[in-house]
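Data from model-v1.cif: mmCIF, C-alpha atoms
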data_structure
#
loop_
_atom_site.label_atom_id
_atom_site.label_comp_id
_atom_site.auth_asym_id
_atom_site.auth_seq_id
_atom_site.Cartn_x
_atom_site.Cartn_y
_atom_site.Cartn_z
CA MET A 3 0.00 0.00 0.00
CA SER A 4 1.38 3.41 -0.93
CA LYS A 5 1.52 5.99 1.74
CA VAL A 6 1.97 9.70 1.36
CA LYS A 7 2.28 11.37 4.75
CA GLU A 8 2.69 15.01 5.65
CA LYS A 9 5.78 15.76 7.71
CA THR A 10 5.95 18.65 10.13
CA THR A 11 7.90 20.54 7.44
CA GLY A 12 4.81 20.53 5.22
CA ARG A 13 6.55 18.33 2.66
CA SER A 14 5.03 14.95 2.03
CA GLU A 15 6.98 11.80 2.79
CA LEU A 16 6.58 9.07 0.23
CA ARG A 17 6.52 5.30 0.81
CA VAL A 18 5.73 3.20 -2.26
CA LYS A 19 5.78 -0.52 -3.05
CA GLY A 20 7.22 -1.76 -6.30
CA LEU A 21 7.72 -5.01 -8.14
CA LEU A 22 11.02 -5.88 -9.81
CA VAL A 23 10.38 -6.65 -13.48
CA GLU A 24 12.61 -7.17 -16.49
CA LYS A 25 12.74 -3.49 -17.53
CA GLY A 26 12.76 -1.80 -14.11
CA VAL A 27 10.48 -1.44 -11.11
CA LYS A 28 6.72 -1.51 -11.65
CA VAL A 29 4.43 0.50 -9.35
CA SER A 30 0.85 -0.75 -9.48
CA GLU A 31 -0.92 1.51 -7.00
CA LYS A 32 -2.24 4.65 -8.63
CA GLU A 33 -1.72 6.92 -5.61
CA GLY A 34 1.97 5.99 -5.40
CA ALA A 35 2.49 6.22 -9.15
CA ASP A 36 0.85 9.66 -9.29
CA ALA A 37 2.96 10.92 -6.37
CA LEU A 38 6.15 9.66 -8.01
CA TYR A 39 5.24 11.06 -11.44
CA SER A 40 4.52 14.50 -9.99
CA ARG A 41 8.07 14.49 -8.53
CA GLY A 42 9.68 13.64 -11.86
CA TYR A 43 10.03 9.87 -11.54
CA GLY A 44 9.01 7.07 -13.86
CA VAL A 45 7.08 6.65 -17.07
CA ALA A 46 3.43 5.73 -17.55
CA LYS A 47 3.13 3.35 -20.48
CA ASP A 48 0.50 0.79 -21.49
CA ASP A 49 -1.49 1.19 -18.26
CA GLU A 50 1.71 0.62 -16.25
CA PHE A 51 3.94 2.92 -14.26
CA LEU A 52 7.56 1.92 -14.55
CA LEU A 53 10.65 3.25 -12.79
CA THR A 54 14.12 2.77 -14.21
CA PHE A 55 16.55 0.72 -12.15
CA TYR A 56 18.48 3.81 -11.05
CA GLU A 57 15.25 5.50 -9.92
CA GLY A 58 14.36 2.36 -7.95
CA LEU A 59 17.84 2.29 -6.39
CA TYR A 60 17.59 5.96 -5.43
CA LEU A 61 14.14 5.63 -3.87
CA LEU A 62 15.15 2.40 -2.10
CA ASP A 63 18.28 4.07 -0.71
CA LYS A 64 16.23 7.05 0.50
CA GLY A 65 13.77 4.75 2.26
CA ASN A 66 10.89 5.84 0.03
CA MET A 67 10.33 2.48 -1.59
CA GLU A 68 10.03 -1.22 -0.87
CA ILE A 69 10.66 -3.58 -3.78
CA GLU A 70 9.64 -7.21 -4.12
CA ASP A 71 10.80 -9.72 -6.68
CA GLY A 72 8.44 -12.02 -8.58
CA LYS A 73 8.51 -14.54 -5.69
CA GLY A 74 7.22 -12.04 -3.13
CA GLU A 75 10.62 -11.62 -1.42
CA MET A 76 11.98 -8.18 -0.55
CA VAL A 77 14.83 -6.90 -2.70
CA ASN A 78 17.53 -4.90 -0.93
CA PHE A 79 19.78 -2.24 -2.44
CA GLN A 80 22.60 -4.67 -3.19
CA GLY A 81 20.24 -7.17 -4.82
CA LEU A 82 18.70 -4.50 -7.06
CA LEU A 83 22.14 -3.17 -7.98
CA GLN A 84 23.32 -6.66 -8.93
CA HIS A 85 20.22 -7.15 -11.07
CA TYR A 86 20.77 -3.76 -12.75
CA GLY A 87 24.47 -4.53 -13.26
CA GLY A 88 23.47 -7.63 -15.21
CA VAL A 89 21.44 -5.44 -17.56
CA ASP A 90 23.87 -2.50 -17.88
CA GLU A 91 27.63 -2.69 -17.32
CA ASN A 92 27.69 1.04 -16.56
CA ALA A 93 25.00 0.69 -13.86
CA TRP A 94 27.05 1.96 -10.92
CA ALA A 95 28.24 5.10 -12.74
CA LYS A 96 24.71 5.87 -13.93
CA TYR A 97 23.28 5.42 -10.46
CA LEU A 98 25.93 7.62 -8.82
CA THR A 99 25.39 10.32 -11.45
CA TYR A 100 21.63 10.14 -10.99
CA ARG A 101 21.93 10.27 -7.19
CA ASP A 102 24.34 13.22 -7.32
CA LEU A 103 22.12 15.25 -9.65
CA ARG A 104 18.95 14.48 -7.64
CA SER A 105 20.69 15.41 -4.39
CA ARG A 106 21.54 18.78 -5.96
CA GLY A 107 17.83 19.41 -6.55
CA TYR A 108 17.58 18.65 -10.26
CA VAL A 109 14.86 16.56 -11.85
CA VAL A 110 16.61 13.88 -13.87
CA ARG A 111 14.82 11.95 -16.58
CA ARG A 112 15.92 9.15 -18.90
CA GLY A 113 17.82 10.18 -22.03
CA PHE A 114 15.92 9.81 -25.26
CA GLY A 115 17.98 7.49 -27.38
CA LEU A 116 20.71 9.81 -28.57
CA GLY A 117 23.40 7.96 -26.68
CA VAL A 118 22.85 10.17 -23.64
CA ASP A 119 21.83 8.72 -20.31
CA PHE A 120 19.86 11.59 -18.76
CA ARG A 121 17.98 14.79 -19.44
CA VAL A 122 18.37 17.32 -16.64
CA TYR A 123 15.81 20.00 -15.84
CA GLU A 124 16.67 23.19 -14.01
CA ARG A 125 15.45 23.45 -10.44
CA GLY A 126 11.77 24.34 -10.53
CA GLY A 127 11.59 24.00 -14.31
CA TYR A 128 10.37 20.43 -14.65
CA GLY A 129 7.03 20.29 -16.43
CA GLU A 130 7.33 23.91 -17.53
CA GLU A 131 10.51 23.95 -19.62
CA THR A 132 12.48 21.50 -21.70
CA ALA A 133 15.70 19.99 -20.42
CA LYS A 134 18.71 22.14 -21.21
CA LEU A 135 21.39 19.61 -20.28
CA LEU A 136 21.96 16.11 -21.62
CA ILE A 137 24.23 13.88 -19.54
CA LEU A 138 26.49 11.08 -20.73
CA SER A 139 27.80 9.12 -17.75
CA MET A 140 31.00 7.12 -17.89
CA GLN A 141 33.68 5.61 -15.72
CA GLU A 142 37.22 6.89 -15.53
CA GLY A 143 39.49 4.52 -17.43
CA LYS A 144 36.73 3.16 -19.71
CA PRO A 145 37.26 4.81 -23.08
CA ILE A 146 34.67 6.20 -25.43
CA SER A 147 35.52 6.49 -29.12
CA LEU A 148 35.87 9.94 -30.63
CA GLU A 149 33.36 8.95 -33.31
CA ASP A 150 30.74 8.12 -30.66
CA LEU A 151 31.44 11.29 -28.69
CA THR A 152 31.29 13.41 -31.86
CA ARG A 153 27.99 11.79 -32.91
CA VAL A 154 26.41 12.42 -29.50
CA LEU A 155 27.71 16.01 -29.41
CA ARG A 156 26.32 16.79 -32.88
CA GLN A 157 22.92 15.37 -31.96
CA CYS A 158 22.86 17.44 -28.76
CA GLN A 159 23.85 20.58 -30.63
CA SER A 160 21.18 19.99 -33.28
CA LEU A 161 18.63 19.98 -30.44
CA LYS A 162 20.21 23.13 -28.93
CA LYS A 163 21.13 21.23 -25.76
CA GLU A 164 24.37 21.25 -23.80
CA LEU A 165 26.24 17.96 -23.50
CA VAL A 166 27.80 17.22 -20.13
CA LEU A 167 30.07 14.26 -19.45
CA ALA A 168 29.60 12.86 -15.95
CA VAL A 169 32.76 10.91 -15.17
CA MET A 170 32.90 8.62 -12.15
CA ASN A 171 36.47 8.67 -10.87
CA ARG A 172 38.16 5.78 -9.10
CA ARG A 173 36.93 7.01 -5.70
CA GLY A 174 33.30 6.96 -6.85
CA GLU A 175 33.02 10.75 -7.10
CA ILE A 176 31.28 12.33 -10.08
CA VAL A 177 33.12 15.06 -12.01
CA TYR A 178 31.23 17.00 -14.68
CA TYR A 179 32.71 18.27 -17.95
CA SER A 180 30.81 20.47 -20.36
CA VAL A 181 31.43 19.55 -24.01
CA SER A 182 30.75 22.41 -26.36
CA GLN A 183 33.11 21.86 -29.27
CA LEU A 184 35.24 19.03 -30.53
CA THR A 185 37.94 20.04 -33.00
CA LEU A 186 40.31 17.47 -34.42
CA LYS A 187 43.38 18.56 -36.40
#

Let's see the structure in the file written out as structure tokens.
Amino acid sequence: MSKVKEKTTGRSELRVKGLLVEKGVKVSEKEGADALYSRGYGVAKDDEFLLTFYEGLYLLDKGNMEIEDGKGEMVNFQGLLQHYGGVDENAWAKYLTYRDLRSRGYVVRRGFGLGVDFRVYERGGYGEETAKLLILSMQEGKPISLEDLTRVLRQCQSLKKELVLAVMNRRGEIVYYSVSQLTLK
């Protein structure tokens, strides 16, 4: 059962149940799905509300979500991360980038197939403006080809968006680099 409680601060505390599925975390209860969607989480598709794995990890870590697997057993953070890691080799870097951006107050949404991982909305601008930043997350020491980076940069520029590389260093910290021009001589 989803619960949305008012804290003494006037902000509502969210507690939602989810089900681990192949493509992410499914939220069946309408009240919980609506509360999550209004805060910039998840996607409603085909009468389902689905969170990405990194959204599920974030909400699980914050204590806002309980997740069960298909057998009715509770999934902890480590279990969900292992499942996500089996789907995406860059899972840890994407999660850390997502967590860092969310903790800074940004609404972070899934990238839309350009090779970018996330769209980032300015604080207070979600639902009113388009995302101005597109984030490509990567791990230090794992190369990306110049052709791939150039392709992603051109697509971002054609949309009048700024490309930002979010690089997870060896200590697990995220360092951001704005990419505005790539000139090869």

| message | Once the PyMOL selection byres ((chain A and resi 49) around 12) is applied to the coordinates I shared, what remains selected? I want it as an MDAnalysis selection string. | response | chainID A and resid 28:32 35 45:48 50:52

*asked:* Which residues, named as in the file, does the PyMOL selection byres ((chain A and resi 58) around 10) pick out? Answer as a PyMOL selection string.
replied: chain A and resi 20-22+26-28+43-44+52-57+59-64+66-69+79+82-83+97

Quiz item: Which residue out of A:Gly81, A:Gly87, A:Thr152, A:Val181 has the minimum interatomic distance to Ala168 of chain A when all atoms listed in the file are used?
Solution: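 Of the candidates, the smallest distance to Ala168 of chain A is held by A:Val181.
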
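When atom CA of Leu167 of chain A is paired with atom CA of Gly107 of chain A, their separation reads 18.5 Å.
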
Query raised in the report: What residues come out when you apply the PyMOL selection byres ((chain A and resi 98) around 12) to this file, written as a PyMOL selection string?
Result: chain A and resi 56-57+59-60+63+83+92-97+99-105+139-141+168-171+173-177

Residue with smallest distance to Leu155 of chain A - pool A:Tyr178, A:Glu75, A:Arg172, A:Leu116, counting all atoms listed in the file: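 The answer is A:Leu116, which sits nearest to Leu155 of chain A.
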
re atom CA of Glu70 of chain A and atom CA of Val89 of chain A: distance 18.0 Å

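A distance cut-off of 7 Å around (27.4, 22.5, -31.5), counting all atoms listed in the file, selects these protein and nucleic acid residues: A:Leu155, A:Arg156, A:Gln159, A:Ser160, A:Ser182, A:Gln183.
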
Original post:
So which residues touch Lys163 of chain A within 8 Å, counting all atoms listed in the file, skipping near sequence neighbours fewer than 3 positions away, as a PyMOL selection string?
Top reply: chain A and resi 133-136+158-160

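Taking atom CA of Gln157 of chain A and atom CA of Ser180 of chain A as endpoints, the distance between them is 14.9 Å.
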
task = Go through A:Arg111, A:Tyr123, A:Glu91, A:His85 one by one, measure the shortest atom-to-atom distance of each to Lys144 of chain A using only C-alpha atoms, and give the residue with the smallest value.
result =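 Checking each of A:Arg111, A:Tyr123, A:Glu91, A:His85 against Lys144 of chain A, counting only C-alpha atoms, the winner is A:Glu91.
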
Counting all atoms listed in the file, closest pick from A:Glu24, A:Gln80, A:Gly143, A:Tyr108 relative to Arg121 of chain A is A:Tyr108

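Residue nearest Glu164 of chain A, chosen from A:Tyr179, A:Tyr128, A:Phe114, A:Tyr39 and counting only C-alpha atoms: A:Tyr179.
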